[in-house]
file input.tsv (TSV, C-alpha atoms and all ligand atoms)
chain	number	residue	atom	x	y	z
Z	26	MET	CA	97.32	-10.59	139.32
Z	27	ARG	CA	100.04	-8.47	140.96
Z	28	PRO	CA	103.09	-7.67	138.80
Z	29	GLY	CA	105.73	-10.33	139.27
Z	30	GLU	CA	103.32	-12.81	140.84
Z	31	PRO	CA	103.77	-16.05	138.90
Z	32	ASP	CA	101.26	-16.56	136.10
Z	33	VAL	CA	101.75	-20.31	135.68
Z	34	ARG	CA	100.63	-22.02	132.47
Z	35	VAL	CA	100.98	-25.81	132.55
Z	36	CYS	CA	101.39	-27.33	129.10
Z	37	ALA	CA	101.07	-30.96	128.06
Z	38	ASP	CA	104.65	-31.29	126.85
Z	39	ALA	CA	107.58	-29.37	125.38
Z	40	ARG	CA	105.89	-29.03	122.00
Z	41	ASP	CA	102.66	-27.68	123.49
Z	42	LEU	CA	104.74	-25.29	125.62
Z	43	SER	CA	106.57	-23.94	122.55
Z	44	GLU	CA	103.35	-23.55	120.55
Z	45	ARG	CA	101.44	-21.75	123.32
Z	46	ALA	CA	104.34	-19.54	124.40
Z	47	GLY	CA	105.06	-18.78	120.74
Z	48	ALA	CA	101.49	-17.69	120.04
Z	49	ALA	CA	101.52	-15.52	123.16
Z	50	ALA	CA	104.86	-13.98	122.16
Z	51	VAL	CA	103.46	-13.11	118.72
Z	52	ALA	CA	100.60	-11.23	120.38
Z	53	ILE	CA	102.98	-9.30	122.66
Z	54	ILE	CA	105.25	-8.40	119.74
Z	55	ALA	CA	102.29	-7.13	117.69
Z	56	ASP	CA	100.96	-5.14	120.64
Z	57	ALA	CA	104.34	-3.50	121.32
Z	58	VAL	CA	104.75	-2.54	117.66
Z	59	SER	CA	101.23	-1.09	117.52
Z	60	ARG	CA	101.77	0.84	120.78
Z	61	HIS	CA	105.24	2.28	120.21
Z	62	GLY	CA	106.41	1.28	116.76
Z	63	ARG	CA	108.84	-1.44	117.73
Z	64	CYS	CA	109.37	-4.48	119.92
Z	65	SER	CA	112.55	-4.98	121.96
Z	66	LEU	CA	112.71	-8.72	122.49
Z	67	VAL	CA	115.32	-10.47	124.65
Z	68	LEU	CA	116.21	-14.03	123.69
Z	69	SER	CA	117.16	-16.75	126.13
Z	70	GLY	CA	119.94	-19.23	125.56
Z	71	GLY	CA	120.06	-22.92	126.37
Z	72	ARG	CA	118.17	-25.74	124.66
Z	73	THR	CA	114.53	-25.18	125.67
Z	74	PRO	CA	113.76	-22.09	123.56
Z	75	ARG	CA	115.08	-23.56	120.30
Z	76	ALA	CA	111.70	-25.10	119.37
Z	77	LEU	CA	109.96	-21.79	120.07
Z	78	TYR	CA	112.45	-19.91	117.86
Z	79	GLU	CA	111.86	-22.46	115.09
Z	80	LEU	CA	108.10	-21.82	115.35
Z	81	LEU	CA	108.65	-18.03	115.19
Z	82	ALA	CA	110.63	-18.68	112.00
Z	83	SER	CA	107.97	-20.94	110.46
Z	84	THR	CA	104.42	-21.25	111.79
Z	85	TYR	CA	104.33	-17.70	113.18
Z	86	ARG	CA	106.79	-16.12	110.71
Z	87	ASP	CA	104.28	-14.15	108.67
Z	88	GLN	CA	102.41	-12.88	111.75
Z	89	ILE	CA	105.44	-10.93	113.00
Z	90	PRO	CA	106.44	-7.44	111.73
Z	91	TRP	CA	110.13	-8.35	111.65
Z	92	SER	CA	111.39	-4.94	110.50
Z	93	ALA	CA	110.12	-3.49	113.80
Z	94	VAL	CA	111.59	-6.21	116.02
Z	95	HIS	CA	114.93	-5.60	117.78
Z	96	LEU	CA	116.61	-8.66	119.27
Z	97	PHE	CA	118.84	-8.70	122.32
Z	98	TRP	CA	120.22	-11.54	124.43
Z	99	GLY	CA	119.65	-12.22	128.11
Z	100	ASP	CA	123.04	-13.85	128.44
Z	101	GLU	CA	125.88	-15.24	126.37
Z	102	ARG	CA	128.67	-17.66	126.84
Z	103	TYR	CA	132.00	-15.86	126.30
Z	104	VAL	CA	132.92	-17.87	123.20
Z	105	ASP	CA	133.22	-17.25	119.48
Z	106	PRO	CA	129.80	-16.73	117.83
Z	107	ALA	CA	130.54	-19.83	115.72
Z	108	ASP	CA	131.14	-21.97	118.82
Z	109	ALA	CA	128.59	-24.73	119.45
Z	110	ALA	CA	128.05	-23.29	122.96
Z	111	SER	CA	127.10	-19.83	121.64
Z	112	ASN	CA	123.54	-18.70	122.37
Z	113	TYR	CA	123.86	-16.39	119.37
Z	114	ARG	CA	124.72	-19.36	117.13
Z	115	MET	CA	121.67	-21.29	118.37
Z	116	ALA	CA	119.43	-18.31	117.60
Z	117	ARG	CA	121.02	-17.78	114.18
Z	118	GLU	CA	120.47	-21.43	113.24
Z	119	SER	CA	116.89	-21.67	114.57
Z	120	LEU	CA	115.60	-18.15	113.86
Z	121	LEU	CA	117.83	-15.39	112.47
Z	122	ASP	CA	118.75	-17.17	109.23
Z	123	HIS	CA	115.06	-17.75	108.44
Z	124	VAL	CA	113.36	-14.39	108.99
Z	125	PRO	CA	113.64	-10.97	107.30
Z	126	LEU	CA	115.25	-9.21	110.27
Z	127	PRO	CA	117.40	-6.21	109.31
Z	128	GLU	CA	120.96	-6.87	110.54
Z	129	GLY	CA	120.84	-3.55	112.42
Z	130	ASN	CA	117.99	-4.95	114.51
Z	131	ILE	CA	120.12	-7.81	115.82
Z	132	HIS	CA	122.12	-6.97	118.94
Z	133	PRO	CA	124.31	-9.92	119.93
Z	134	MET	CA	126.40	-9.68	123.07
Z	135	PRO	CA	130.04	-9.02	122.05
Z	136	THR	CA	132.38	-11.86	122.98
Z	137	GLY	CA	135.53	-10.85	121.13
Z	138	LEU	CA	137.05	-8.36	123.58
Z	139	ALA	CA	139.99	-9.41	125.75
Z	140	LEU	CA	138.17	-8.27	128.89
Z	141	PRO	CA	134.62	-9.61	129.44
Z	142	ASP	CA	133.84	-6.66	131.69
Z	143	ALA	CA	134.62	-4.28	128.81
Z	144	ALA	CA	132.29	-6.35	126.61
Z	145	ALA	CA	129.54	-6.08	129.21
Z	146	ARG	CA	129.94	-2.29	129.35
Z	147	GLU	CA	129.94	-2.12	125.53
Z	148	TYR	CA	126.71	-4.10	125.38
Z	149	GLU	CA	125.04	-1.83	127.90
Z	150	ARG	CA	126.05	1.15	125.76
Z	151	ASP	CA	124.58	-0.64	122.71
Z	152	ILE	CA	121.27	-1.22	124.51
Z	153	ARG	CA	121.08	2.37	125.74
Z	154	ALA	CA	122.00	3.72	122.30
Z	155	ASP	CA	119.30	1.65	120.66
Z	156	VAL	CA	116.43	2.02	123.10
Z	157	GLY	CA	117.33	5.04	125.16
Z	158	SER	CA	118.58	5.42	128.67
Z	159	GLY	CA	115.37	5.36	130.60
Z	160	ARG	CA	114.49	2.16	132.35
Z	161	PRO	CA	115.61	-0.88	130.30
Z	162	PRO	CA	112.52	-0.90	128.04
Z	163	PHE	CA	112.38	-4.49	126.97
Z	164	ASP	CA	108.91	-5.42	125.81
Z	165	LEU	CA	109.42	-9.14	126.31
Z	166	VAL	CA	112.25	-11.05	127.97
Z	167	LEU	CA	112.51	-14.80	127.38
Z	168	LEU	CA	114.26	-16.77	130.10
Z	169	GLY	CA	114.99	-20.36	131.02
Z	170	LEU	CA	115.54	-22.06	134.36
Z	171	GLY	CA	118.60	-24.05	135.33
Z	172	ASP	CA	118.34	-27.28	137.33
Z	173	GLU	CA	119.57	-25.39	140.42
Z	174	GLY	CA	117.42	-22.30	139.91
Z	175	HIS	CA	119.60	-19.99	137.84
Z	176	THR	CA	118.15	-17.83	135.10
Z	177	ALA	CA	120.03	-16.03	132.35
Z	178	SER	CA	123.54	-16.43	133.78
Z	179	LEU	CA	122.55	-15.39	137.29
Z	180	PHE	CA	123.55	-18.35	139.42
Z	181	PRO	CA	122.96	-19.04	143.11
Z	182	HIS	CA	125.03	-16.89	145.52
Z	183	SER	CA	126.50	-14.83	142.66
Z	184	THR	CA	127.52	-11.26	143.51
Z	185	ALA	CA	125.80	-10.29	140.23
Z	186	LEU	CA	122.50	-10.81	142.07
Z	187	GLU	CA	123.33	-7.74	144.18
Z	188	GLU	CA	123.89	-5.43	141.18
Z	189	THR	CA	121.45	-2.52	141.34
Z	190	GLU	CA	122.72	-0.10	138.66
Z	191	ARG	CA	124.34	-1.86	135.72
Z	192	TRP	CA	122.21	-3.63	133.10
Z	193	VAL	CA	124.94	-6.02	131.90
Z	194	VAL	CA	127.80	-7.67	133.80
Z	195	ALA	CA	130.45	-10.31	133.19
Z	196	VAL	CA	130.30	-13.33	135.48
Z	197	THR	CA	132.10	-16.59	136.11
Z	198	VAL	CA	129.62	-19.42	136.63
Z	199	PRO	CA	129.81	-23.07	137.79
Z	200	ALA	CA	128.87	-24.37	134.34
Z	201	ALA	CA	130.64	-24.79	131.03
Z	202	PRO	CA	131.74	-22.47	129.57
Z	203	PRO	CA	132.31	-20.53	132.80
Z	204	THR	CA	132.77	-16.96	131.52
Z	205	ARG	CA	129.48	-15.35	130.61
Z	206	LEU	CA	127.81	-11.99	130.01
Z	207	THR	CA	124.37	-11.58	131.56
Z	208	LEU	CA	121.62	-9.06	131.96
Z	209	THR	CA	121.22	-8.12	135.60
Z	210	LEU	CA	118.04	-8.20	137.68
Z	211	PRO	CA	117.45	-4.44	137.23
Z	212	ALA	CA	117.48	-4.97	133.45
Z	213	ILE	CA	115.36	-8.12	133.46
Z	214	THR	CA	112.76	-7.11	136.05
Z	215	ALA	CA	112.08	-3.77	134.35
Z	216	ALA	CA	110.61	-5.57	131.32
Z	217	ASP	CA	106.97	-5.13	130.41
Z	218	ARG	CA	106.57	-8.89	130.11
Z	219	ILE	CA	108.71	-11.89	131.04
Z	220	PHE	CA	108.31	-15.48	129.85
Z	221	VAL	CA	110.13	-18.29	131.65
Z	222	LEU	CA	110.24	-21.52	129.65
Z	223	VAL	CA	110.66	-24.63	131.82
Z	224	SER	CA	110.51	-28.15	130.40
Z	225	GLY	CA	111.43	-31.54	131.78
Z	226	ARG	CA	111.51	-33.45	135.05
Z	227	ALA	CA	115.08	-32.31	135.74
Z	228	LYS	CA	113.69	-28.82	136.41
Z	229	ALA	CA	110.89	-29.95	138.74
Z	230	HIS	CA	112.77	-29.48	142.03
Z	231	ALA	CA	114.17	-26.07	141.13
Z	232	LEU	CA	110.82	-24.90	139.78
Z	233	ALA	CA	109.02	-25.89	142.97
Z	234	ARG	CA	111.57	-23.96	145.02
Z	235	VAL	CA	111.47	-20.93	142.72
Z	236	LEU	CA	107.66	-20.73	142.84
Z	237	ASP	CA	107.72	-20.98	146.64
Z	238	PRO	CA	107.38	-17.41	148.02
Z	239	ALA	CA	109.61	-18.42	150.94
Z	240	SER	CA	112.59	-19.08	148.64
Z	241	ALA	CA	115.43	-16.58	148.66
Z	242	PRO	CA	116.72	-15.27	145.31
Z	243	ARG	CA	120.27	-15.79	146.56
Z	244	ASP	CA	119.56	-19.49	146.70
Z	245	TYR	CA	117.20	-19.67	143.72
Z	246	PRO	CA	117.87	-16.63	141.48
Z	247	ALA	CA	114.75	-17.07	139.33
Z	248	ALA	CA	112.74	-16.38	142.51
Z	249	ALA	CA	113.85	-12.75	142.07
Z	250	LEU	CA	111.36	-12.47	139.20
Z	251	ARG	CA	108.68	-11.91	141.85
Z	252	SER	CA	109.99	-8.32	141.99
Z	253	ALA	CA	109.37	-7.82	138.27
Z	254	ARG	CA	107.58	-4.63	137.19
Z	255	GLY	CA	105.43	-6.50	134.71
Z	256	MET	CA	103.70	-9.83	134.32
Z	257	VAL	CA	105.83	-12.96	134.58
Z	258	THR	CA	104.39	-15.97	132.76
Z	259	TRP	CA	105.85	-19.38	133.57
Z	260	TRP	CA	105.37	-21.71	130.61
Z	261	ILE	CA	105.97	-25.14	132.11
Z	262	ASP	CA	105.26	-28.65	130.95
Z	263	ARG	CA	103.76	-31.41	133.10
Z	264	ASP	CA	107.13	-33.01	133.79
Z	265	ALA	CA	108.58	-29.74	135.10
Z	266	ALA	CA	105.41	-29.18	137.17
Z	267	SER	CA	105.60	-32.58	138.84
Z	268	ASP	CA	107.05	-31.30	142.15
Z	269	SER	CA	104.97	-28.13	142.31
Z	270	THR	CA	101.83	-28.00	144.42
Z	271	GLY	CA	99.05	-25.61	143.54
Z	272	VAL	CA	99.61	-25.71	139.80
Z	273	ASP	CA	97.10	-27.64	137.74
Z	274	ALA	CA	99.52	-30.20	136.28
U	1	LIG	C1	122.18	-20.32	129.04
U	1	LIG	C2	120.80	-19.85	129.39
U	1	LIG	C3	120.40	-20.45	130.69
U	1	LIG	C4	119.33	-21.45	130.34
U	1	LIG	C5	119.11	-22.44	131.46
U	1	LIG	C6	118.18	-23.56	130.98
U	1	LIG	O1	122.97	-19.54	128.48
U	1	LIG	O2	122.42	-21.52	129.27
U	1	LIG	O3	120.55	-18.58	129.26
U	1	LIG	O4	119.91	-19.57	131.66
U	1	LIG	O5	118.12	-20.76	130.06
U	1	LIG	O6	120.38	-22.99	131.81
U	1	LIG	O7	118.81	-24.20	129.90
U	1	LIG	P1	118.07	-25.35	129.05
U	1	LIG	O8	116.94	-24.67	128.32
U	1	LIG	O9	119.13	-25.86	128.13
U	1	LIG	O10	117.57	-26.36	130.03
call {"tool": "encode", "arguments": {"input": "input.tsv", "output": "structure tokens", "more": "lines below"}}
Ligand code: 6PG
result
Amino acid sequence: MRPGEPDVRVCADARDLSERAGAAAVAIIADAVSRHGRCSLVLSGGRTPRALYELLASTYRDQIPWSAVHLFWGDERYVDPADAASNYRMARESLLDHVPLPEGNIHPMPTGLALPDAAAREYERDIRADVGSGRPPFDLVLLGLGDEGHTASLFPHSTALEETERWVVAVTVPAAPPTRLTLTLPAITAADRIFVLVSGRAKAHALARVLDPASAPRDYPAAALRSARGMVTWWIDRDAASDSTGVDA
């Protein structure tokens, strides 16, 4: 399979998706730690990954070398970390509060600066300071898919899709809350592995468009994952697969 070419895994339902993607994530984390002593893992926001995070904190907890795991975020709503909309808060509730992760290994996106662009630049400095300034060396990036094809906080027709140098930018998106920080395509597509978690019939149309090689990333940003350096695995459930031809739903 060529890098970036969709590796589509159809799961029975959201629970099966979380269990299978969780087990695969555990294997990738262990492999990264054995190969280079640590795993740089990027968390997705939204609702879908919560069940996976809960499994990492329970069923899979003791299979993960937490002291060697460094957590980053693929995007963040520009709100207080205690806000119900915060991706950091969701991860803290479902994962961080339940595993022995050293605080220094947790790299939330800063949302307390007056200027979101300054926060984006600070986060990029944090990433580079922690993992070095070569290519963004994320071992595994977890992503979701919006109903209209966005991923992270890269939305259709956003100028952020044209960013070629920066790893983190501030954006204004057509969703609540509108101000976000997001990894850019250069940062995401440089990852060794990418998982995209897609559950539910509401995603079926966007998923079919995103998996169609004819789709333009400007229209369906998650289609840009075809240019990824590493393997992109699409963990989808049957409902999300219902509009996609060529996948064994
Ligand atoms: C966010 C996410 C976003 C999410 C999709 C899917 O901050 O909202 O990073 O990209 O993954 O919108 O969200 P659901 O999993 O809630 O459907």
call {"tool": "closest_atom_pairs", "arguments": {"input": "input.tsv", "of": "chain Z", "to": "ligand LIG 1 (chain U)", "cutoff": "6 Å", "atoms": "only C-alpha atoms and all ligand atoms", "output": "CSV"}}
result
residue,atom,partner,partner_atom,distance
Z:Ser69,CA,U:LIG1,O3,5.0
Z:Gly70,CA,U:LIG1,O3,3.8
Z:Gly71,CA,U:LIG1,O9,3.6
Z:Arg72,CA,U:LIG1,O9,3.6
Z:Thr73,CA,U:LIG1,O8,3.6
Z:Asp100,CA,U:LIG1,O3,5.4
Z:Glu101,CA,U:LIG1,O1,5.6
Z:Leu168,CA,U:LIG1,O5,5.6
Z:Gly169,CA,U:LIG1,O5,3.3
Z:Leu170,CA,U:LIG1,C6,4.5
Z:Gly171,CA,U:LIG1,O6,4.1
Z:Thr176,CA,U:LIG1,O4,4.2
Z:Ala177,CA,U:LIG1,O4,3.6
Z:Ser178,CA,U:LIG1,O4,5.2
call {"tool": "closest_residue", "arguments": {"input": "input.tsv", "among": "Z:Gly137, Z:Ala57, Z:His123, Z:Arg27", "to": "Ala107 of chain Z", "atoms": "all atoms listed in the file"}}
result
Z:Gly137
call {"tool": "residues_around", "arguments": {"input": "input.tsv", "residues": "Ala195 of chain Z", "least_positions_apart": "4", "cutoff": "12 Å", "atoms": "all atoms listed in the file", "output": "PyMOL selection string"}}
result
chain Z and resi 100-103+134-136+138+140-149+177-179+183-186+188+191+203-209
call {"tool": "atom_distance", "arguments": {"input": "input.tsv", "atom1": "atom CA of Asp268 of chain Z", "atom2": "atom CA of Pro242 of chain Z"}}
result
19.0 Å
call {"tool": "atom_distance", "arguments": {"input": "input.tsv", "atom1": "atom CA of Ala227 of chain Z", "atom2": "atom CA of Val166 of chain Z"}}
result
22.8 Å
call {"tool": "residues_around", "arguments": {"input": "input.tsv", "residues": "segment 36-47 of chain Z", "least_positions_apart": "5", "cutoff": "10 Å", "atoms": "all atoms listed in the file", "output": "JSON, numbers by chain"}}
result
{"Z": [52, 53, 73, 74, 75, 76, 77, 78, 79, 80, 81, 84, 85, 167, 220, 221, 222, 223, 224, 225, 258, 259, 260, 261, 262, 263, 264, 265, 266, 273, 274]}
call {"tool": "write_last_selection", "arguments": {"input": "input.tsv", "atoms": "C-alpha atoms", "output": "PDB file, in the frame of the given file"}}
result
ATOM      1  CA  ALA Z  52     100.600 -11.230 120.380  1.00  0.00           C
ATOM      2  CA  ILE Z  53     102.980  -9.300 122.660  1.00  0.00           C
ATOM      3  CA  THR Z  73     114.530 -25.180 125.670  1.00  0.00           C
ATOM      4  CA  PRO Z  74     113.760 -22.090 123.560  1.00  0.00           C
ATOM      5  CA  ARG Z  75     115.080 -23.560 120.300  1.00  0.00           C
ATOM      6  CA  ALA Z  76     111.700 -25.100 119.370  1.00  0.00           C
ATOM      7  CA  LEU Z  77     109.960 -21.790 120.070  1.00  0.00           C
ATOM      8  CA  TYR Z  78     112.450 -19.910 117.860  1.00  0.00           C
ATOM      9  CA  GLU Z  79     111.860 -22.460 115.090  1.00  0.00           C
ATOM     10  CA  LEU Z  80     108.100 -21.820 115.350  1.00  0.00           C
ATOM     11  CA  LEU Z  81     108.650 -18.030 115.190  1.00  0.00           C
ATOM     12  CA  THR Z  84     104.420 -21.250 111.790  1.00  0.00           C
ATOM     13  CA  TYR Z  85     104.330 -17.700 113.180  1.00  0.00           C
ATOM     14  CA  LEU Z 167     112.510 -14.800 127.380  1.00  0.00           C
ATOM     15  CA  PHE Z 220     108.310 -15.480 129.850  1.00  0.00           C
ATOM     16  CA  VAL Z 221     110.130 -18.290 131.650  1.00  0.00           C
ATOM     17  CA  LEU Z 222     110.240 -21.520 129.650  1.00  0.00           C
ATOM     18  CA  VAL Z 223     110.660 -24.630 131.820  1.00  0.00           C
ATOM     19  CA  SER Z 224     110.510 -28.150 130.400  1.00  0.00           C
ATOM     20  CA  GLY Z 225     111.430 -31.540 131.780  1.00  0.00           C
ATOM     21  CA  THR Z 258     104.390 -15.970 132.760  1.00  0.00           C
ATOM     22  CA  TRP Z 259     105.850 -19.380 133.570  1.00  0.00           C
ATOM     23  CA  TRP Z 260     105.370 -21.710 130.610  1.00  0.00           C
ATOM     24  CA  ILE Z 261     105.970 -25.140 132.110  1.00  0.00           C
ATOM     25  CA  ASP Z 262     105.260 -28.650 130.950  1.00  0.00           C
ATOM     26  CA  ARG Z 263     103.760 -31.410 133.100  1.00  0.00           C
ATOM     27  CA  ASP Z 264     107.130 -33.010 133.790  1.00  0.00           C
ATOM     28  CA  ALA Z 265     108.580 -29.740 135.100  1.00  0.00           C
ATOM     29  CA  ALA Z 266     105.410 -29.180 137.170  1.00  0.00           C
ATOM     30  CA  ASP Z 273      97.100 -27.640 137.740  1.00  0.00           C
ATOM     31  CA  ALA Z 274      99.520 -30.200 136.280  1.00  0.00           C
TER      32      ALA Z 274
END
